[in-house]
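Chemist: Next comes entry-v3.pdb, PDB, C-alpha atoms:
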```
ATOM      1  CA  MET M 249       2.802  17.380  16.660  1.00  0.00           C
ATOM      2  CA  THR M 250      -0.647  17.352  15.089  1.00  0.00           C
ATOM      3  CA  PRO M 251      -3.682  16.028  17.043  1.00  0.00           C
ATOM      4  CA  LYS M 252      -4.003  13.114  14.614  1.00  0.00           C
ATOM      5  CA  LEU M 253      -0.411  11.996  15.214  1.00  0.00           C
ATOM      6  CA  ILE M 254      -0.889  12.283  18.978  1.00  0.00           C
ATOM      7  CA  ILE M 255      -3.975  10.047  18.807  1.00  0.00           C
ATOM      8  CA  VAL M 256      -2.177   7.463  16.678  1.00  0.00           C
ATOM      9  CA  GLN M 257       0.857   7.518  18.976  1.00  0.00           C
ATOM     10  CA  GLN M 258      -1.345   6.930  21.996  1.00  0.00           C
ATOM     11  CA  PHE M 259      -2.972   3.934  20.325  1.00  0.00           C
ATOM     12  CA  TYR M 260       0.395   2.442  19.419  1.00  0.00           C
ATOM     13  CA  GLN M 261       1.509   2.841  23.027  1.00  0.00           C
ATOM     14  CA  LYS M 262      -1.616   1.009  24.222  1.00  0.00           C
ATOM     15  CA  ILE M 263      -1.070  -1.787  21.711  1.00  0.00           C
ATOM     16  CA  GLU M 264       2.584  -2.060  22.744  1.00  0.00           C
ATOM     17  CA  GLN M 265       1.599  -2.373  26.393  1.00  0.00           C
ATOM     18  CA  LEU M 266      -1.035  -4.929  25.478  1.00  0.00           C
ATOM     19  CA  LEU M 267       1.534  -7.080  23.660  1.00  0.00           C
ATOM     20  CA  LEU M 268       3.861  -6.878  26.642  1.00  0.00           C
ATOM     21  CA  ASN M 269       1.032  -8.067  28.892  1.00  0.00           C
ATOM     22  CA  ILE M 270       0.277 -10.964  26.576  1.00  0.00           C
ATOM     23  CA  HIS M 271       3.863 -12.227  26.765  1.00  0.00           C
ATOM     24  CA  GLU M 272       4.120 -11.986  30.568  1.00  0.00           C
ATOM     25  CA  PRO M 273       4.443 -15.335  32.398  1.00  0.00           C
ATOM     26  CA  ASN M 274       1.040 -14.921  34.061  1.00  0.00           C
ATOM     27  CA  SER M 275      -0.674 -13.592  30.934  1.00  0.00           C
ATOM     28  CA  ARG M 276      -3.309 -16.339  31.083  1.00  0.00           C
ATOM     29  CA  ASN M 277      -4.807 -14.635  34.120  1.00  0.00           C
ATOM     30  CA  ILE M 278      -5.028 -11.253  32.350  1.00  0.00           C
ATOM     31  CA  PRO M 279      -8.327 -10.549  30.562  1.00  0.00           C
ATOM     32  CA  PHE M 280      -6.491  -9.082  27.600  1.00  0.00           C
ATOM     33  CA  TYR M 281      -8.940 -10.247  24.932  1.00  0.00           C
ATOM     34  CA  ASN M 282     -11.616  -7.667  25.724  1.00  0.00           C
ATOM     35  CA  GLN M 283      -9.008  -4.935  25.980  1.00  0.00           C
ATOM     36  CA  HIS M 284      -7.510  -5.944  22.646  1.00  0.00           C
ATOM     37  CA  HIS M 285     -10.944  -6.062  21.014  1.00  0.00           C
ATOM     38  CA  HIS M 286     -11.807  -2.609  22.341  1.00  0.00           C
ATOM     39  CA  ILE M 287      -8.553  -1.019  21.155  1.00  0.00           C
ATOM     40  CA  ILE M 288      -8.832  -2.479  17.660  1.00  0.00           C
ATOM     41  CA  ASN M 289     -12.452  -1.406  17.257  1.00  0.00           C
ATOM     42  CA  THR M 290     -11.723   2.084  18.531  1.00  0.00           C
ATOM     43  CA  LEU M 291      -8.725   2.357  16.194  1.00  0.00           C
ATOM     44  CA  LYS M 292     -10.857   1.251  13.239  1.00  0.00           C
ATOM     45  CA  LYS M 293     -13.442   3.897  14.087  1.00  0.00           C
ATOM     46  CA  LYS M 294     -10.803   6.624  14.352  1.00  0.00           C
ATOM     47  CA  ILE M 295      -9.351   5.611  10.982  1.00  0.00           C
ATOM     48  CA  PHE M 296     -12.823   5.593   9.406  1.00  0.00           C
ATOM     49  CA  ASP M 297     -13.901   8.923  10.940  1.00  0.00           C
ATOM     50  CA  THR M 298     -10.726  10.725   9.844  1.00  0.00           C
ATOM     51  CA  LYS M 299     -10.704   9.010   6.400  1.00  0.00           C
ATOM     52  CA  THR M 300      -7.155   7.877   7.053  1.00  0.00           C
ATOM     53  CA  ILE M 301      -5.426   5.429   4.722  1.00  0.00           C
ATOM     54  CA  ILE M 302      -2.639   3.223   6.098  1.00  0.00           C
ATOM     55  CA  ARG M 303      -0.288   1.917   3.433  1.00  0.00           C
ATOM     56  CA  LYS M 304       2.941  -0.051   3.455  1.00  0.00           C
ATOM     57  CA  THR M 305       5.715   2.180   2.137  1.00  0.00           C
ATOM     58  CA  ASP M 306       7.813   1.497  -0.944  1.00  0.00           C
ATOM     59  CA  LYS M 307      11.239   0.786   0.565  1.00  0.00           C
ATOM     60  CA  SER M 308      11.467   1.898   4.178  1.00  0.00           C
ATOM     61  CA  LYS M 309       9.360  -1.026   5.516  1.00  0.00           C
ATOM     62  CA  VAL M 310       7.172   1.219   7.661  1.00  0.00           C
ATOM     63  CA  LEU M 311       3.524   2.254   7.525  1.00  0.00           C
ATOM     64  CA  HIS M 312       2.448   5.598   6.117  1.00  0.00           C
ATOM     65  CA  LEU M 313      -0.670   7.444   7.238  1.00  0.00           C
ATOM     66  CA  GLY M 314      -2.422   9.784   4.837  1.00  0.00           C
ATOM     67  CA  THR M 315      -5.928  11.017   4.210  1.00  0.00           C
ATOM     68  CA  SER M 316      -8.010   9.743   1.319  1.00  0.00           C
ATOM     69  CA  LYS M 317      -8.084  13.312  -0.033  1.00  0.00           C
ATOM     70  CA  GLN M 318      -4.273  13.433  -0.149  1.00  0.00           C
ATOM     71  CA  TYR M 319      -4.076  10.113  -2.005  1.00  0.00           C
ATOM     72  CA  GLN M 320      -6.791  11.189  -4.432  1.00  0.00           C
ATOM     73  CA  LEU M 321      -4.952  14.425  -5.231  1.00  0.00           C
ATOM     74  CA  LYS M 322      -1.589  12.673  -5.736  1.00  0.00           C
ATOM     75  CA  SER M 323      -3.229  10.025  -7.902  1.00  0.00           C
ATOM     76  CA  GLU M 324      -4.814  12.675 -10.135  1.00  0.00           C
ATOM     77  CA  GLN M 325      -1.502  14.519 -10.408  1.00  0.00           C
ATOM     78  CA  PHE M 326       0.319  11.319 -11.328  1.00  0.00           C
ATOM     79  CA  MET M 327      -2.195  10.345 -14.028  1.00  0.00           C
ATOM     80  CA  ASP M 328      -2.187  13.875 -15.429  1.00  0.00           C
ATOM     81  CA  LYS M 329       1.623  13.927 -15.582  1.00  0.00           C
ATOM     82  CA  THR M 330       2.189  10.527 -17.153  1.00  0.00           C
ATOM     83  CA  GLN M 331      -0.974  10.236 -19.276  1.00  0.00           C
ATOM     84  CA  ALA M 332      -0.495   6.482 -18.875  1.00  0.00           C
ATOM     85  CA  TYR M 333      -3.696   5.718 -16.989  1.00  0.00           C
ATOM     86  CA  LYS M 334      -7.270   6.961 -16.939  1.00  0.00           C
ATOM     87  CA  ILE M 335     -10.424   6.392 -14.934  1.00  0.00           C
ATOM     88  CA  ILE M 336     -12.967   4.255 -16.771  1.00  0.00           C
ATOM     89  CA  ASP M 337     -16.721   4.060 -16.269  1.00  0.00           C
ATOM     90  CA  HIS M 338     -17.176   0.491 -17.498  1.00  0.00           C
ATOM     91  CA  ASN M 339     -15.496  -2.893 -17.143  1.00  0.00           C
ATOM     92  CA  PRO M 340     -13.689  -3.819 -20.391  1.00  0.00           C
ATOM     93  CA  LEU M 341     -12.484  -7.190 -19.083  1.00  0.00           C
ATOM     94  CA  TYR M 342     -14.509  -9.395 -21.428  1.00  0.00           C
ATOM     95  CA  ASP M 343     -13.741  -7.150 -24.415  1.00  0.00           C
ATOM     96  CA  ILE M 344     -10.026  -7.572 -23.718  1.00  0.00           C
ATOM     97  CA  ILE M 345     -10.405 -11.353 -23.404  1.00  0.00           C
ATOM     98  CA  SER M 346     -12.277 -11.474 -26.727  1.00  0.00           C
ATOM     99  CA  GLN M 347      -9.607  -9.392 -28.503  1.00  0.00           C
ATOM    100  CA  ILE M 348      -6.779 -11.570 -27.207  1.00  0.00           C
ATOM    101  CA  THR M 349      -8.647 -14.763 -28.083  1.00  0.00           C
ATOM    102  CA  HIS M 350      -9.358 -13.496 -31.612  1.00  0.00           C
ATOM    103  CA  CYS M 351      -5.690 -12.529 -32.102  1.00  0.00           C
ATOM    104  CA  LEU M 352      -4.457 -15.927 -30.892  1.00  0.00           C
ATOM    105  CA  ARG M 353      -6.912 -17.772 -33.132  1.00  0.00           C
ATOM    106  CA  THR M 354      -5.686 -15.753 -36.113  1.00  0.00           C
ATOM    107  CA  TRP M 355      -2.072 -16.617 -35.260  1.00  0.00           C
ATOM    108  CA  LEU M 356      -3.007 -20.264 -34.883  1.00  0.00           C
ATOM    109  CA  THR M 357      -4.823 -20.295 -38.244  1.00  0.00           C
ATOM    110  CA  ASN M 358      -1.824 -18.661 -39.932  1.00  0.00           C
ATOM    111  CA  LYS M 359       0.477 -21.154 -38.168  1.00  0.00           C
ATOM    112  CA  TYR M 360       2.415 -18.432 -36.360  1.00  0.00           C
ATOM    113  CA  ILE M 361       1.944 -20.415 -33.145  1.00  0.00           C
ATOM    114  CA  THR M 362       1.352 -24.079 -32.387  1.00  0.00           C
ATOM    115  CA  SER M 363      -1.716 -25.566 -30.716  1.00  0.00           C
ATOM    116  CA  LYS M 364       0.342 -26.054 -27.553  1.00  0.00           C
ATOM    117  CA  GLN M 365       1.385 -22.388 -27.535  1.00  0.00           C
ATOM    118  CA  TYR M 366      -2.210 -21.352 -28.208  1.00  0.00           C
ATOM    119  CA  GLU M 367      -3.453 -23.240 -25.155  1.00  0.00           C
ATOM    120  CA  LYS M 368      -0.654 -21.776 -23.062  1.00  0.00           C
ATOM    121  CA  LEU M 369      -1.373 -18.181 -24.110  1.00  0.00           C
ATOM    122  CA  LEU M 370      -5.168 -18.361 -24.029  1.00  0.00           C
ATOM    123  CA  PRO M 371      -6.632 -16.468 -21.043  1.00  0.00           C
ATOM    124  CA  VAL M 372      -8.903 -18.500 -18.763  1.00  0.00           C
ATOM    125  CA  ARG M 373     -12.083 -16.437 -18.507  1.00  0.00           C
ATOM    126  CA  ARG M 374     -13.153 -17.632 -15.052  1.00  0.00           C
ATOM    127  CA  LYS M 375      -9.746 -16.766 -13.559  1.00  0.00           C
ATOM    128  CA  CYS M 376      -9.205 -13.393 -15.243  1.00  0.00           C
ATOM    129  CA  GLN M 377      -9.361 -10.098 -13.392  1.00  0.00           C
ATOM    130  CA  LEU M 378      -9.115  -6.598 -14.764  1.00  0.00           C
ATOM    131  CA  ALA M 379      -5.694  -5.040 -14.172  1.00  0.00           C
ATOM    132  CA  HIS M 380      -5.904  -2.106 -11.774  1.00  0.00           C
ATOM    133  CA  LEU M 381      -3.687   0.649 -10.468  1.00  0.00           C
ATOM    134  CA  TYR M 382      -2.652   1.129  -6.845  1.00  0.00           C
ATOM    135  CA  TYR M 383       0.113   2.996  -5.069  1.00  0.00           C
ATOM    136  CA  GLN M 384       2.796   2.650  -2.443  1.00  0.00           C
ATOM    137  CA  PRO M 385       3.978   5.897  -0.803  1.00  0.00           C
ATOM    138  CA  LYS M 386       7.687   6.683  -1.096  1.00  0.00           C
ATOM    139  CA  ALA M 387       8.236   7.888   2.458  1.00  0.00           C
ATOM    140  CA  HIS M 388      12.016   8.054   1.879  1.00  0.00           C
ATOM    141  CA  LYS M 389      11.570  10.833  -0.700  1.00  0.00           C
ATOM    142  CA  GLN M 390      10.647  14.462  -0.176  1.00  0.00           C
ATOM    143  CA  GLY M 391       6.941  15.119  -0.421  1.00  0.00           C
ATOM    144  CA  THR M 392       6.149  11.391  -0.180  1.00  0.00           C
ATOM    145  CA  PRO M 393       5.403  10.782  -3.868  1.00  0.00           C
ATOM    146  CA  LEU M 394       3.516   7.666  -4.896  1.00  0.00           C
ATOM    147  CA  ARG M 395       4.967   4.636  -6.618  1.00  0.00           C
ATOM    148  CA  SER M 396       2.469   3.333  -9.136  1.00  0.00           C
ATOM    149  CA  ILE M 397       1.887  -0.417  -9.357  1.00  0.00           C
ATOM    150  CA  CYS M 398      -0.329  -2.007 -11.975  1.00  0.00           C
ATOM    151  CA  ALA M 399      -1.718  -5.225 -10.517  1.00  0.00           C
ATOM    152  CA  SER M 400      -2.021  -7.457 -13.562  1.00  0.00           C
ATOM    153  CA  ILE M 401      -1.027 -10.922 -12.311  1.00  0.00           C
ATOM    154  CA  ASN M 402      -4.483 -12.305 -13.187  1.00  0.00           C
ATOM    155  CA  SER M 403      -5.144 -10.070 -16.189  1.00  0.00           C
ATOM    156  CA  PRO M 404      -5.956 -11.570 -19.627  1.00  0.00           C
ATOM    157  CA  THR M 405      -2.513 -10.525 -20.898  1.00  0.00           C
ATOM    158  CA  ALA M 406      -0.610 -12.230 -18.042  1.00  0.00           C
ATOM    159  CA  PRO M 407      -0.013 -15.560 -19.879  1.00  0.00           C
ATOM    160  CA  SER M 408       1.344 -13.720 -22.940  1.00  0.00           C
ATOM    161  CA  SER M 409       3.486 -11.478 -20.764  1.00  0.00           C
ATOM    162  CA  GLN M 410       5.029 -14.429 -18.912  1.00  0.00           C
ATOM    163  CA  PHE M 411       5.573 -16.283 -22.177  1.00  0.00           C
ATOM    164  CA  LEU M 412       7.426 -13.341 -23.738  1.00  0.00           C
ATOM    165  CA  ASP M 413       9.448 -12.751 -20.585  1.00  0.00           C
ATOM    166  CA  ASN M 414      10.675 -16.356 -20.646  1.00  0.00           C
ATOM    167  CA  LEU M 415      11.723 -15.922 -24.286  1.00  0.00           C
ATOM    168  CA  LEU M 416      13.293 -12.467 -24.127  1.00  0.00           C
ATOM    169  CA  ARG M 417      14.981 -12.336 -20.719  1.00  0.00           C
ATOM    170  CA  PRO M 418      17.747 -14.868 -21.566  1.00  0.00           C
ATOM    171  CA  LEU M 419      18.503 -12.965 -24.793  1.00  0.00           C
ATOM    172  CA  PHE M 420      18.945  -9.670 -22.959  1.00  0.00           C
ATOM    173  CA  LYS M 421      21.140 -11.256 -20.302  1.00  0.00           C
ATOM    174  CA  GLN M 422      23.440 -12.705 -22.949  1.00  0.00           C
ATOM    175  CA  SER M 423      23.682  -9.548 -25.040  1.00  0.00           C
ATOM    176  CA  THR M 424      23.760  -6.791 -22.397  1.00  0.00           C
ATOM    177  CA  PRO M 425      26.733  -7.427 -20.068  1.00  0.00           C
ATOM    178  CA  THR M 426      26.416  -3.899 -18.650  1.00  0.00           C
ATOM    179  CA  SER M 427      23.251  -4.802 -16.715  1.00  0.00           C
ATOM    180  CA  ILE M 428      23.651  -5.295 -12.954  1.00  0.00           C
ATOM    181  CA  GLU M 429      21.530  -7.896 -11.185  1.00  0.00           C
ATOM    182  CA  ASN M 430      22.689  -7.501  -7.588  1.00  0.00           C
ATOM    183  CA  GLY M 431      25.374  -6.049  -5.316  1.00  0.00           C
ATOM    184  CA  ILE M 432      27.676  -9.064  -5.504  1.00  0.00           C
ATOM    185  CA  TYR M 433      27.693  -8.913  -9.298  1.00  0.00           C
ATOM    186  CA  LEU M 434      28.479  -5.174  -9.133  1.00  0.00           C
ATOM    187  CA  VAL M 435      31.510  -5.754  -6.874  1.00  0.00           C
ATOM    188  CA  GLN M 436      32.790  -8.492  -9.189  1.00  0.00           C
ATOM    189  CA  GLN M 437      32.439  -6.231 -12.229  1.00  0.00           C
ATOM    190  CA  LEU M 438      34.210  -3.358 -10.487  1.00  0.00           C
ATOM    191  CA  LYS M 439      37.134  -5.630  -9.583  1.00  0.00           C
ATOM    192  CA  SER M 440      37.344  -6.835 -13.166  1.00  0.00           C
ATOM    193  CA  TYR M 441      37.174  -3.277 -14.519  1.00  0.00           C
ATOM    194  CA  SER M 442      39.827  -2.002 -12.092  1.00  0.00           C
ATOM    195  CA  ARG M 443      42.394  -4.445 -13.495  1.00  0.00           C
ATOM    196  CA  SER M 444      42.450  -2.583 -16.809  1.00  0.00           C
ATOM    197  CA  GLU M 445      41.381   0.846 -15.534  1.00  0.00           C
ATOM    198  CA  PRO M 446      42.657   1.249 -11.940  1.00  0.00           C
ATOM    199  CA  PHE M 447      40.552   3.446  -9.686  1.00  0.00           C
ATOM    200  CA  THR M 448      42.127   6.628  -8.360  1.00  0.00           C
ATOM    201  CA  PRO M 449      41.075   9.251  -5.769  1.00  0.00           C
ATOM    202  CA  LYS M 450      39.651  11.206  -8.708  1.00  0.00           C
ATOM    203  CA  THR M 451      37.400   8.371  -9.891  1.00  0.00           C
ATOM    204  CA  ILE M 452      33.773   9.468  -9.801  1.00  0.00           C
ATOM    205  CA  PHE M 453      30.828   7.096  -9.463  1.00  0.00           C
ATOM    206  CA  ILE M 454      27.574   8.439 -10.861  1.00  0.00           C
ATOM    207  CA  THR M 455      24.077   7.127 -10.214  1.00  0.00           C
ATOM    208  CA  PHE M 456      20.770   8.485 -11.443  1.00  0.00           C
ATOM    209  CA  ASP M 457      17.101   7.717 -11.122  1.00  0.00           C
ATOM    210  CA  ILE M 458      14.656   7.702 -14.046  1.00  0.00           C
ATOM    211  CA  ILE M 459      11.279   8.921 -12.825  1.00  0.00           C
ATOM    212  CA  ASP M 460       8.240   6.871 -13.896  1.00  0.00           C
ATOM    213  CA  LEU M 461      10.344   4.844 -16.346  1.00  0.00           C
ATOM    214  CA  TYR M 462       7.825   2.196 -17.344  1.00  0.00           C
ATOM    215  CA  THR M 463       4.837   4.510 -17.558  1.00  0.00           C
ATOM    216  CA  MET M 464       6.751   7.036 -19.685  1.00  0.00           C
ATOM    217  CA  LEU M 465       7.836   4.494 -22.320  1.00  0.00           C
ATOM    218  CA  ASN M 466       5.894   4.744 -25.565  1.00  0.00           C
ATOM    219  CA  GLN M 467       4.573   1.267 -26.402  1.00  0.00           C
ATOM    220  CA  ASN M 468       4.937   1.654 -30.168  1.00  0.00           C
ATOM    221  CA  ARG M 469       8.540   2.839 -29.767  1.00  0.00           C
ATOM    222  CA  ALA M 470       9.255  -0.045 -27.390  1.00  0.00           C
ATOM    223  CA  ILE M 471       7.992  -2.552 -29.986  1.00  0.00           C
ATOM    224  CA  PHE M 472      10.059  -0.824 -32.675  1.00  0.00           C
ATOM    225  CA  TYR M 473      13.287  -1.094 -30.651  1.00  0.00           C
ATOM    226  CA  LEU M 474      12.505  -4.668 -29.638  1.00  0.00           C
ATOM    227  CA  ARG M 475      12.167  -5.659 -33.298  1.00  0.00           C
ATOM    228  CA  ARG M 476      15.381  -3.812 -34.140  1.00  0.00           C
ATOM    229  CA  PHE M 477      17.160  -5.631 -31.309  1.00  0.00           C
ATOM    230  CA  LEU M 478      15.941  -9.053 -32.432  1.00  0.00           C
ATOM    231  CA  GLN M 479      16.273  -8.577 -36.194  1.00  0.00           C
ATOM    232  CA  GLY M 480      19.238  -6.221 -36.299  1.00  0.00           C
ATOM    233  CA  ASP M 481      21.466  -7.067 -33.351  1.00  0.00           C
ATOM    234  CA  LEU M 482      20.658 -10.769 -33.033  1.00  0.00           C
ATOM    235  CA  GLN M 483      19.735 -11.427 -36.687  1.00  0.00           C
ATOM    236  CA  LEU M 484      16.650 -13.400 -35.658  1.00  0.00           C
ATOM    237  CA  THR M 485      13.634 -13.934 -37.895  1.00  0.00           C
ATOM    238  CA  ALA M 486      11.661 -16.046 -35.418  1.00  0.00           C
ATOM    239  CA  LEU M 487      11.546 -16.715 -31.708  1.00  0.00           C
ATOM    240  CA  ASP M 488      10.350 -20.137 -30.545  1.00  0.00           C
ATOM    241  CA  GLY M 489       8.843 -20.523 -34.018  1.00  0.00           C
ATOM    242  CA  ILE M 490       6.941 -17.211 -33.869  1.00  0.00           C
ATOM    243  CA  PRO M 491       7.937 -14.715 -36.614  1.00  0.00           C
ATOM    244  CA  VAL M 492       9.477 -11.564 -35.174  1.00  0.00           C
ATOM    245  CA  ASP M 493       7.575  -9.320 -37.604  1.00  0.00           C
ATOM    246  CA  VAL M 494       4.092 -10.661 -36.749  1.00  0.00           C
TER
END
```
Since I need it in another form, could you write the structure as C-alpha cells?
Modeler:
Amino acid sequence: MTPKLIIVQQFYQKIEQLLLNIHEPNSRNIPFYNQHHHIINTLKKKIFDTKTIIRKTDKSKVLHLGTSKQYQLKSEQFMDKTQAYKIIDHNPLYDIISQITHCLRTWLTNKYITSKQYEKLLPVRRKCQLAHLYYQPKAHKQGTPLRSICASINSPTAPSSQFLDNLLRPLFKQSTPTSIENGIYLVQQLKSYSRSEPFTPKTIFITFDIIDLYTMLNQNRAIFYLRRFLQGDLQLTALDGIPVDV
C-alpha cells in the first residue's frame, strides 16, 4: 500500500470514529466540533499539498483519488484521440450567442419559424454559460479511463437542443422498435421473441460497447442521416412547421 493510500485510510478511520461519537447517546457532552474542524482542515491541506483530485466515479458510486497530473495526461490523451475538443484561449460565448440570434432572426424573417418559436429558441444572454468539458473516472474499467461530459445545460444552444429533442424523440420511439429503454422492457421483448423463436441451450446473447460514441460521430454525417430519416423513411417535409431541408 502506498504512503498516500495509508494517509487517506487513516483519515477515513478518524472520520468514521468521529461519526460514531456524534451518534452516541451522550454525544452532546463530547467536544466533537473542534475535532471535526481539525480533521477536515488537515485533510484539505493534505489534498492540496499532494495535488490530489477526488471525483465521483462513473458507475460504481465510490470516490476516486488521482493526482492532477494524471487527470491532465488522460485529458490530453482523450482530446488527441477523439479530436472532438480543444483548449481555447478566449471566451467565445457572446460570439456563439450572436450567431444563434442571427440564424433565428433569418429563420423568422423567412417564416421558417413562428414568433413564438423564436422566443422559445432565443438564448437569454444573462443566463448563458459557455459549455465546458469535465470527466468522471471509470473505476470499474481497467486503467480507470475517463468518461467525458460536456456541461451544456446553460449553453446558448440548450433551448434549441431541448426543442429538437422534444420533436425528434417521439419519432424515433415510434419508428425504432429495436431500442431498449430499461430492463423490464428487455424482458418483455425477450418473452415476445421467444414465442416465435424459442431459446435453446445454444442461444447466444451478445453485447458490445461503443467507445466514445457521441464524440466520434461526425456532425455533418449525423445531419445527413437525420434528413434521410425524416425525408426518406418518414416522408416528412416539415416538422412543427419548420422545413426539414432548412
Chemist: Quick one: residues within 10 Å of stretch 382-389 of chain M, only C-alpha atoms, excluding same-chain residues fewer than 4 positions away - as an NGL selection string?
Modeler: :M and (302-314 or 319 or 322-323 or 393-399)
Chemist: Work out how far apart atom CA of M:Pro404 and atom CA of M:His338 are and give it in Å to one decimal.
Modeler: 16.6 Å
Chemist: Write out as a list of chain:residue names which residues come within 9 Å of M:Leu482 when counting all atoms listed in the file, dropping same-chain ones fewer than 3 positions away.
Modeler: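 In the requested form, the answer reads M:Leu419, M:Ser423, M:Arg476, M:Phe477, M:Leu478, M:Gln479.
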Chemist: When the PyMOL selection byres ((chain M and resi 353-364) around 8) is applied to the structure above, which residues does it catch, written out as a ChimeraX atom specification?
Modeler: /M:349-352,365-368,489-491,494
Chemist: Would you output that residue set with C-alpha atoms, as a tab-separated table (two decimals), in the frame of the given file?
Modeler:
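What ended up in part_34.tsv:
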```
chain	number	residue	atom	x	y	z
M	349	THR	CA	-8.65	-14.76	-28.08
M	350	HIS	CA	-9.36	-13.50	-31.61
M	351	CYS	CA	-5.69	-12.53	-32.10
M	352	LEU	CA	-4.46	-15.93	-30.89
M	365	GLN	CA	1.38	-22.39	-27.54
M	366	TYR	CA	-2.21	-21.35	-28.21
M	367	GLU	CA	-3.45	-23.24	-25.16
M	368	LYS	CA	-0.65	-21.78	-23.06
M	489	GLY	CA	8.84	-20.52	-34.02
M	490	ILE	CA	6.94	-17.21	-33.87
M	491	PRO	CA	7.94	-14.72	-36.61
M	494	VAL	CA	4.09	-10.66	-36.75
```
Chemist: Quick check, in Å to one decimal: how far apart do atom CA of M:Ala406 and atom CA of M:Asp460 lie?
Modeler: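 We find that atom CA of M:Ala406 and atom CA of M:Asp460 lie 21.5 Å from each other.
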Chemist: Could you state the separation of atom CA of M:Ser409 and atom CA of M:Pro371 in Å, given to one decimal place?
Modeler: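 Atom CA of M:Pro371 lies at a distance of 11.3 Å from atom CA of M:Ser409.
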Chemist: At a cut-off of 9 Å, using all atoms listed in the file, what residues contact M:Thr300? Leave out same-chain residues fewer than 3 positions from it and give the result as a ChimeraX atom specification.
Modeler: /M:294-297,313-317
Chemist: Of the residues M:Thr463, M:Leu370, M:Gln318, M:Gln331, which is the one nearest to M:Thr392, using all atoms listed in the file?
Modeler: M:Gln318
Chemist: Using the chain letters and numbering of this document, enumerate as a list in words the residues selected by the PyMOL selection byres ((chain M and resi 375) around 9).
Modeler: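 Output of the PyMOL selection byres ((chain M and resi 375) around 9): Pro371, Val372, Arg373, Arg374, Cys376, Gln377, Asn402, Ser403 and Pro404 of chain M.
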Chemist: Fewer than 5 positions away in the same chain doesn't count, so skip those; otherwise give me all residues within 10 Å of M:Leu465, counting all atoms listed in the file, as JSON, numbers by chain.
Modeler: {"M": [330, 332, 460, 470]}
Chemist: Could you please take those selected residues and save C-alpha atoms as a PDB file, in the coordinates of the input?
Modeler:
```
ATOM      1  CA  THR M 330       2.189  10.527 -17.153  1.00  0.00           C
ATOM      2  CA  ALA M 332      -0.495   6.482 -18.875  1.00  0.00           C
ATOM      3  CA  ASP M 460       8.240   6.871 -13.896  1.00  0.00           C
ATOM      4  CA  ALA M 470       9.255  -0.045 -27.390  1.00  0.00           C
TER       5      ALA M 470
END
```
Chemist: Residue by residue, what does the PyMOL selection byres ((chain M and resi 340) around 12) grab here? Present the result as a list in words.
Modeler: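 Applied to this file, the PyMOL selection byres ((chain M and resi 340) around 12) returns Ile336, Asp337, His338, Asn339, Leu341, Tyr342, Asp343, Ile344, Ile345, Ser346, Gln347, Cys376, Gln377, Leu378, Ala379, His380, Ser403 and Pro404 of chain M.
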